[in-house]
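K.L.:
A single structure is presented below for examination.
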Amino acid sequence: MEPQITTDGHGLNSFMEKLLDGVEVKWIALGNDNFVEVANSGRKPVKASLRVAGETPYYGANNIQDYVDGHTHDGEYVLIAEDGSASLENYSIQYATGKFWANNHVHVVRGKSRLNTRFLFHYLSIVSFIPFLSGGGRAKLTKGKMVEVKIPIPCPENPKKSLEIQTEIVRILDKFTELTAELTARKKQYNYYRDQFLSFEEGEVEWKTLGELCVIGDGLHGTPAYDDNGDYYFINGNNLENGKIVFTEKTKKVNDSMFEKHGIVFTAKNTVFLSINGTIGNVSFYENEKIVLGKSVAFFKIESSSLQLRYLFYFLQTDFAKRYFESNKTGSTIKNLGLKALRAFEIPIPLIAEQARIVAILDKFDALTTSLTEGLPREIELRQKQYEYYRDLLLSFPRPEEIDV
């Protein structure tokens with residue numbers, strides 16, 4: 001089974017027709033223990049302050065939150081968010097191998113001898129979990145509902161052929177994800193070099209708090225009156241992306257002179273923005289139409305001649321800054337980074353000429369990695385869409401009568 005398929009997927013349709021020709025597909029529930037192992041009993045949440053540093057990834061609902069000593073699981077598994085998924089429409093599904101630690105915000109499952117775990121991962125990535133969720137603001141996927149989710153098993157009466165089909169589908173989809181992973185690795189490499197440029201030896205430069213250098217505030221606390229014909233876009237933390245402020249069909253407009261009186265209208269040419277509520281740490285510029293900020297965005301207006309604007313923009317994106325934000329956020333369900341903590345944050349201040357040199361170098365990297373129309377993010381976006389298209393095509397099995405196998 002070796003189709004001639006290019007990176008744009010040419011030849012895939014005819015190959016899949018041959019692969020699945022005459023094959024029966026039956027649907028089984030995740031709770032069917034002939035096919036699926038649910039390994040939730042090993043999960044163990046540990047507060048950040050009590051974790052012992054190590055090399056084992058510590059998984060939460062959406063990503064790796066830490067690296068710790070010890071492990072709860074060892075092997076190949078799929079992690080399904082129990083609660084706290086960053087998106088309900090694109091529900092959080094993670095793939096974990098080797099030794100790892102799972103907290104209680106993920107369900108831990110894997111395929112048995114008749115189900116390829118990687119096939120399970122790819123399929124669950126297209127499942128709509130919304131009908132199975134309960135609760136309000138923090139929707140929850142209980143174990144009782146999770147085990148009701150149905151998955152397709154091609155050719156179930158012939159386990160050998162079934163696994164061959166599953167494995168071939170996985171091989172094709174993994175080709176696409178490998179391309180995306182390679183591009184993402186290049187972006188991580190840029191982040192590494194950025195942090196190196198912004199690291200200094202002890203005593204090499206002066207350190208100052210942002211409160212000494214900037215006016216720092218946040219946006220409107222409350223909901224404004226929206227107006228489709230308004231003069232200003234109303235911006236929250238989810239509008240900050242890849243160093244820019246982006247607009248979607250969900251971005252609201254407002255039209256009220258009170259915002260100018262309150263000082264939260266920006267043309268943004270001399271301002272840096274940071275998401276501080278829910279999603280924390282996205283840093284952005286904006287240089288076009290006027291905007292009004294919501295409370296989930298902080299602004300930094302520089303008032304000192306010793307700090308260059310884009311130097312601050314880049315430094316707020318470093319791992320050093322992210323660790324500070326992580327250690328100073330508060331709240332149980334929805335996290336918040338307070339203005340007091342931001343004003344107390346100390347950053348290194350080299351001579352302004354050195355800041356300009358660093359910025360000139362990082363601007364060149366930035367053009368490759370954060371442009372919305374060219375460079376790595378655009379290529380990554382295209383590859384991801386390509387993967388999603390063929391994933392949906394490969395995994396769109398017809399739904400026959402549902403029976404247990």
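Chain labels follow the order of the structure tokens: the first chain is A, the next B, and so on; residue numbering restarts at 1 in every chain, and ligands are counted from 1 in their shown order.
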Neighbouring residues of Gln166 (chain A) were defined as those with any atom within 10 Å, considering only C-alpha atoms; residues of the same chain fewer than 6 positions away were excluded. Please report them as a list in words.
P.N.:
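The neighbour list is Arg114, Leu115, Asn116, Thr117, Arg118, Phe119, Leu120, Ile153, Pro154, Cys155 and Leu395 of chain A.
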K.L.:
Determine which residues of region 28-78 of chain A receive a DSSP assignment of helix (DSSP H, G or I), computed from the backbone, and state them as a list of chain:residue names.
P.N.:
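For region 28-78 of chain A, the helix (DSSP H, G or I) set is A:Asn40, A:Ser41, A:Gly42, A:Ala48, A:Ser49, A:Leu50.
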K.L.:
Put those residues in a file: N, CA and C atoms, as a short mmCIF file (atom, residue, chain, number, x, y, z; two decimals), in the first residue's frame.
P.N.:
```
data_model
loop_
_atom_site.label_atom_id
_atom_site.label_comp_id
_atom_site.auth_asym_id
_atom_site.auth_seq_id
_atom_site.Cartn_x
_atom_site.Cartn_y
_atom_site.Cartn_z
N ASN A 40 -7.97 6.51 33.25
CA ASN A 40 -8.11 7.69 34.10
C ASN A 40 -7.64 7.47 35.54
N SER A 41 -7.63 6.24 35.99
CA SER A 41 -7.34 5.98 37.40
C SER A 41 -5.93 6.42 37.79
N GLY A 42 -5.02 6.52 36.82
CA GLY A 42 -3.66 6.92 37.15
C GLY A 42 -3.44 8.41 37.24
N ALA A 48 1.32 23.66 41.29
CA ALA A 48 2.62 24.08 40.75
C ALA A 48 3.67 24.19 41.84
N SER A 49 3.29 24.68 43.01
CA SER A 49 4.25 24.87 44.10
C SER A 49 4.76 23.56 44.68
N LEU A 50 4.03 22.46 44.43
CA LEU A 50 4.41 21.17 45.01
C LEU A 50 5.07 20.23 44.00
#
```
K.L.:
Under the rule of at most 9 Å, produce a per-residue listing of region 193-216 of chain A near region 341-352 of chain A: chain, number, name, the closest pair of atoms, and the distance in Å, as JSON lines, using only C-alpha atoms.
P.N.:
```
{"residue": "A:Leu198", "atom": "CA", "partner": "A:Pro348", "partner_atom": "CA", "distance": 8.2}
{"residue": "A:Ser199", "atom": "CA", "partner": "A:Pro348", "partner_atom": "CA", "distance": 8.3}
{"residue": "A:Phe200", "atom": "CA", "partner": "A:Pro348", "partner_atom": "CA", "distance": 7.6}
{"residue": "A:Glu204", "atom": "CA", "partner": "A:Pro350", "partner_atom": "CA", "distance": 8.2}
{"residue": "A:Val205", "atom": "CA", "partner": "A:Pro350", "partner_atom": "CA", "distance": 5.4}
{"residue": "A:Glu206", "atom": "CA", "partner": "A:Ile349", "partner_atom": "CA", "distance": 5.4}
{"residue": "A:Trp207", "atom": "CA", "partner": "A:Pro348", "partner_atom": "CA", "distance": 4.4}
{"residue": "A:Lys208", "atom": "CA", "partner": "A:Glu346", "partner_atom": "CA", "distance": 5.1}
{"residue": "A:Thr209", "atom": "CA", "partner": "A:Glu346", "partner_atom": "CA", "distance": 4.1}
{"residue": "A:Leu210", "atom": "CA", "partner": "A:Arg343", "partner_atom": "CA", "distance": 5.0}
{"residue": "A:Gly211", "atom": "CA", "partner": "A:Arg343", "partner_atom": "CA", "distance": 4.0}
{"residue": "A:Glu212", "atom": "CA", "partner": "A:Arg343", "partner_atom": "CA", "distance": 7.7}
{"residue": "A:Leu213", "atom": "CA", "partner": "A:Arg343", "partner_atom": "CA", "distance": 9.0}
{"residue": "A:Cys214", "atom": "CA", "partner": "A:Arg343", "partner_atom": "CA", "distance": 8.2}
{"residue": "A:Val215", "atom": "CA", "partner": "A:Arg343", "partner_atom": "CA", "distance": 8.7}
{"residue": "A:Ile216", "atom": "CA", "partner": "A:Arg343", "partner_atom": "CA", "distance": 7.0}
```
K.L.:
Which residues are close to region 129-134 of chain A, i.e. within 10 Å by only C-alpha atoms, leaving aside same-chain residues fewer than 5 positions away? Reply as an MDAnalysis selection string.
P.N.:
chainID A and resid 82:83 88:92 124 139:142 144:149
K.L.:
So the first atom is CA of Asp195 (chain A) and the second is CA of Phe315 (chain A); what is the distance between them in Å, to one decimal place?
P.N.:
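Pair CA of Asp195 (chain A) / CA of Phe315 (chain A) returns 8.0 Å.
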K.L.:
Of the candidates A:Gly84, A:Asp319, A:Tyr314, A:Val106, which shows the shortest atom-to-atom distance to Leu362 (chain A), using only C-alpha atoms?
P.N.:
A:Tyr314
K.L.:
Looking at only C-alpha atoms, which of A:Lys295, A:Lys253, A:Arg186, A:Arg138 is the one that sits closest to Phe234 (chain A)?
P.N.:
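Ranked by minimum distance to Phe234 (chain A), first place goes to A:Lys253.
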K.L.:
Please report the interatomic distance between CA of Ala102 (chain A) and CA of Val78 (chain A) in Å with one decimal.
P.N.:
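These atoms are spaced 10.8 Å apart.
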K.L.:
Give the strand (DSSP E) residues of region 162-301 of chain A, as assigned by DSSP on the backbone, as a ChimeraX atom specification.
P.N.:
/A:206-209,214-218,232-235,240-241,244-245,253-254,265-266,271-277,279-284,291-293,297-301
K.L.:
What would the file look like if the residues just selected were written as a short mmCIF file (atom, residue, chain, number, x, y, z; two decimals), in the first residue's frame with N, CA and C atoms?
P.N.:
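Generated output (result-v9.cif):
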```cif
data_model
loop_
_atom_site.label_atom_id
_atom_site.label_comp_id
_atom_site.auth_asym_id
_atom_site.auth_seq_id
_atom_site.Cartn_x
_atom_site.Cartn_y
_atom_site.Cartn_z
N GLU A 206 21.69 47.72 33.39
CA GLU A 206 20.82 48.13 34.50
C GLU A 206 19.45 47.50 34.31
N TRP A 207 18.82 47.16 35.43
CA TRP A 207 17.45 46.61 35.39
C TRP A 207 16.50 47.63 36.01
N LYS A 208 15.36 47.84 35.37
CA LYS A 208 14.36 48.78 35.89
C LYS A 208 12.98 48.14 35.80
N THR A 209 12.07 48.59 36.66
CA THR A 209 10.70 48.10 36.59
C THR A 209 9.95 48.81 35.47
N CYS A 214 7.06 53.15 32.00
CA CYS A 214 5.84 53.20 31.19
C CYS A 214 4.63 53.60 32.02
N VAL A 215 3.65 54.14 31.35
CA VAL A 215 2.29 54.21 31.89
C VAL A 215 1.62 52.90 31.51
N ILE A 216 1.09 52.19 32.50
CA ILE A 216 0.48 50.88 32.27
C ILE A 216 -0.96 50.90 32.77
N GLY A 217 -1.86 50.49 31.91
CA GLY A 217 -3.28 50.43 32.29
C GLY A 217 -3.97 49.32 31.54
N ASP A 218 -5.26 49.19 31.78
CA ASP A 218 -6.04 48.21 31.03
C ASP A 218 -7.28 48.88 30.47
N TYR A 232 -15.11 52.82 16.52
CA TYR A 232 -13.97 52.12 17.12
C TYR A 232 -14.22 50.61 17.18
N TYR A 233 -13.16 49.84 16.96
CA TYR A 233 -13.23 48.41 17.22
C TYR A 233 -13.02 48.18 18.72
N PHE A 234 -13.78 47.23 19.29
CA PHE A 234 -13.64 46.90 20.70
C PHE A 234 -12.78 45.64 20.80
N ILE A 235 -11.62 45.77 21.42
CA ILE A 235 -10.58 44.73 21.38
C ILE A 235 -10.44 44.02 22.72
N LEU A 240 -5.44 39.60 19.94
CA LEU A 240 -3.98 39.75 19.88
C LEU A 240 -3.38 38.44 19.37
N GLU A 241 -2.68 38.52 18.22
CA GLU A 241 -2.20 37.30 17.59
C GLU A 241 -0.99 37.60 16.72
N LYS A 244 0.24 41.10 16.20
CA LYS A 244 -0.69 42.03 15.57
C LYS A 244 -2.00 42.06 16.36
N ILE A 245 -2.86 43.02 16.03
CA ILE A 245 -4.24 42.99 16.46
C ILE A 245 -5.07 42.62 15.25
N LYS A 253 -17.95 46.67 17.24
CA LYS A 253 -17.62 48.09 17.16
C LYS A 253 -18.42 48.86 18.20
N VAL A 254 -17.87 49.98 18.62
CA VAL A 254 -18.55 50.85 19.58
C VAL A 254 -18.48 52.28 19.08
N VAL A 265 -8.91 54.91 24.23
CA VAL A 265 -8.92 54.87 22.78
C VAL A 265 -7.48 55.02 22.31
N PHE A 266 -7.05 54.16 21.38
CA PHE A 266 -5.65 54.16 20.96
C PHE A 266 -5.53 54.18 19.45
N THR A 271 2.37 52.36 21.28
CA THR A 271 1.83 51.55 22.37
C THR A 271 2.05 50.07 22.10
N VAL A 272 2.32 49.33 23.17
CA VAL A 272 2.40 47.87 23.12
C VAL A 272 1.22 47.34 23.94
N PHE A 273 0.62 46.25 23.47
CA PHE A 273 -0.52 45.65 24.15
C PHE A 273 -0.19 44.23 24.58
N LEU A 274 -0.81 43.80 25.71
CA LEU A 274 -0.57 42.47 26.27
C LEU A 274 -1.89 41.90 26.77
N SER A 275 -2.20 40.66 26.39
CA SER A 275 -3.41 40.01 26.91
C SER A 275 -3.16 39.59 28.36
N ILE A 276 -4.10 39.91 29.25
CA ILE A 276 -3.88 39.69 30.68
C ILE A 276 -5.02 38.95 31.37
N ASN A 277 -6.00 38.48 30.63
CA ASN A 277 -7.13 37.79 31.24
C ASN A 277 -7.52 36.60 30.38
N THR A 279 -6.47 34.12 28.28
CA THR A 279 -5.20 33.89 27.59
C THR A 279 -4.25 35.00 28.00
N ILE A 280 -3.10 34.62 28.55
CA ILE A 280 -2.17 35.60 29.09
C ILE A 280 -0.85 35.56 28.31
N GLY A 281 -0.35 36.74 27.94
CA GLY A 281 0.99 36.81 27.38
C GLY A 281 1.08 37.08 25.90
N ASN A 282 -0.02 37.24 25.17
CA ASN A 282 0.05 37.62 23.76
C ASN A 282 0.39 39.10 23.65
N VAL A 283 1.42 39.41 22.87
CA VAL A 283 1.94 40.77 22.77
C VAL A 283 1.69 41.30 21.36
N SER A 284 1.26 42.56 21.24
CA SER A 284 0.90 43.07 19.91
C SER A 284 1.16 44.57 19.76
N ILE A 291 -8.97 52.06 18.22
CA ILE A 291 -9.52 50.91 18.91
C ILE A 291 -9.84 51.27 20.34
N VAL A 292 -10.77 50.53 20.93
CA VAL A 292 -11.10 50.64 22.35
C VAL A 292 -10.76 49.30 23.00
N LEU A 293 -10.11 49.35 24.16
CA LEU A 293 -9.67 48.12 24.82
C LEU A 293 -10.71 47.63 25.82
N VAL A 297 -7.03 43.35 28.12
CA VAL A 297 -5.83 43.85 27.44
C VAL A 297 -5.20 44.97 28.27
N ALA A 298 -3.90 44.86 28.49
CA ALA A 298 -3.13 45.93 29.12
C ALA A 298 -2.38 46.71 28.05
N PHE A 299 -2.14 48.00 28.31
CA PHE A 299 -1.35 48.82 27.39
C PHE A 299 -0.13 49.37 28.10
N PHE A 300 0.93 49.59 27.30
CA PHE A 300 2.18 50.15 27.80
C PHE A 300 2.53 51.36 26.95
N LYS A 301 2.50 52.55 27.55
CA LYS A 301 2.94 53.77 26.86
C LYS A 301 4.27 54.20 27.48
#
```
K.L.:
A:Gly278, A:Gly111, A:Gly203, A:Gly237: which is nearest Gly219 (chain A), counting only C-alpha atoms?
P.N.:
A:Gly237
K.L.:
Pick the closest to Val25 (chain A) from A:Asn104, A:Glu157, A:Thr56, A:Val68: which is it, counting only C-alpha atoms?
P.N.:
A:Glu157
K.L.:
Could you please determine the separation between CA of Pro45 (chain A) and CA of Thr333 (chain A) in Å, to one decimal place?
P.N.:
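Computing the Euclidean distance for CA of Pro45 (chain A) and CA of Thr333 (chain A) yields 15.2 Å.
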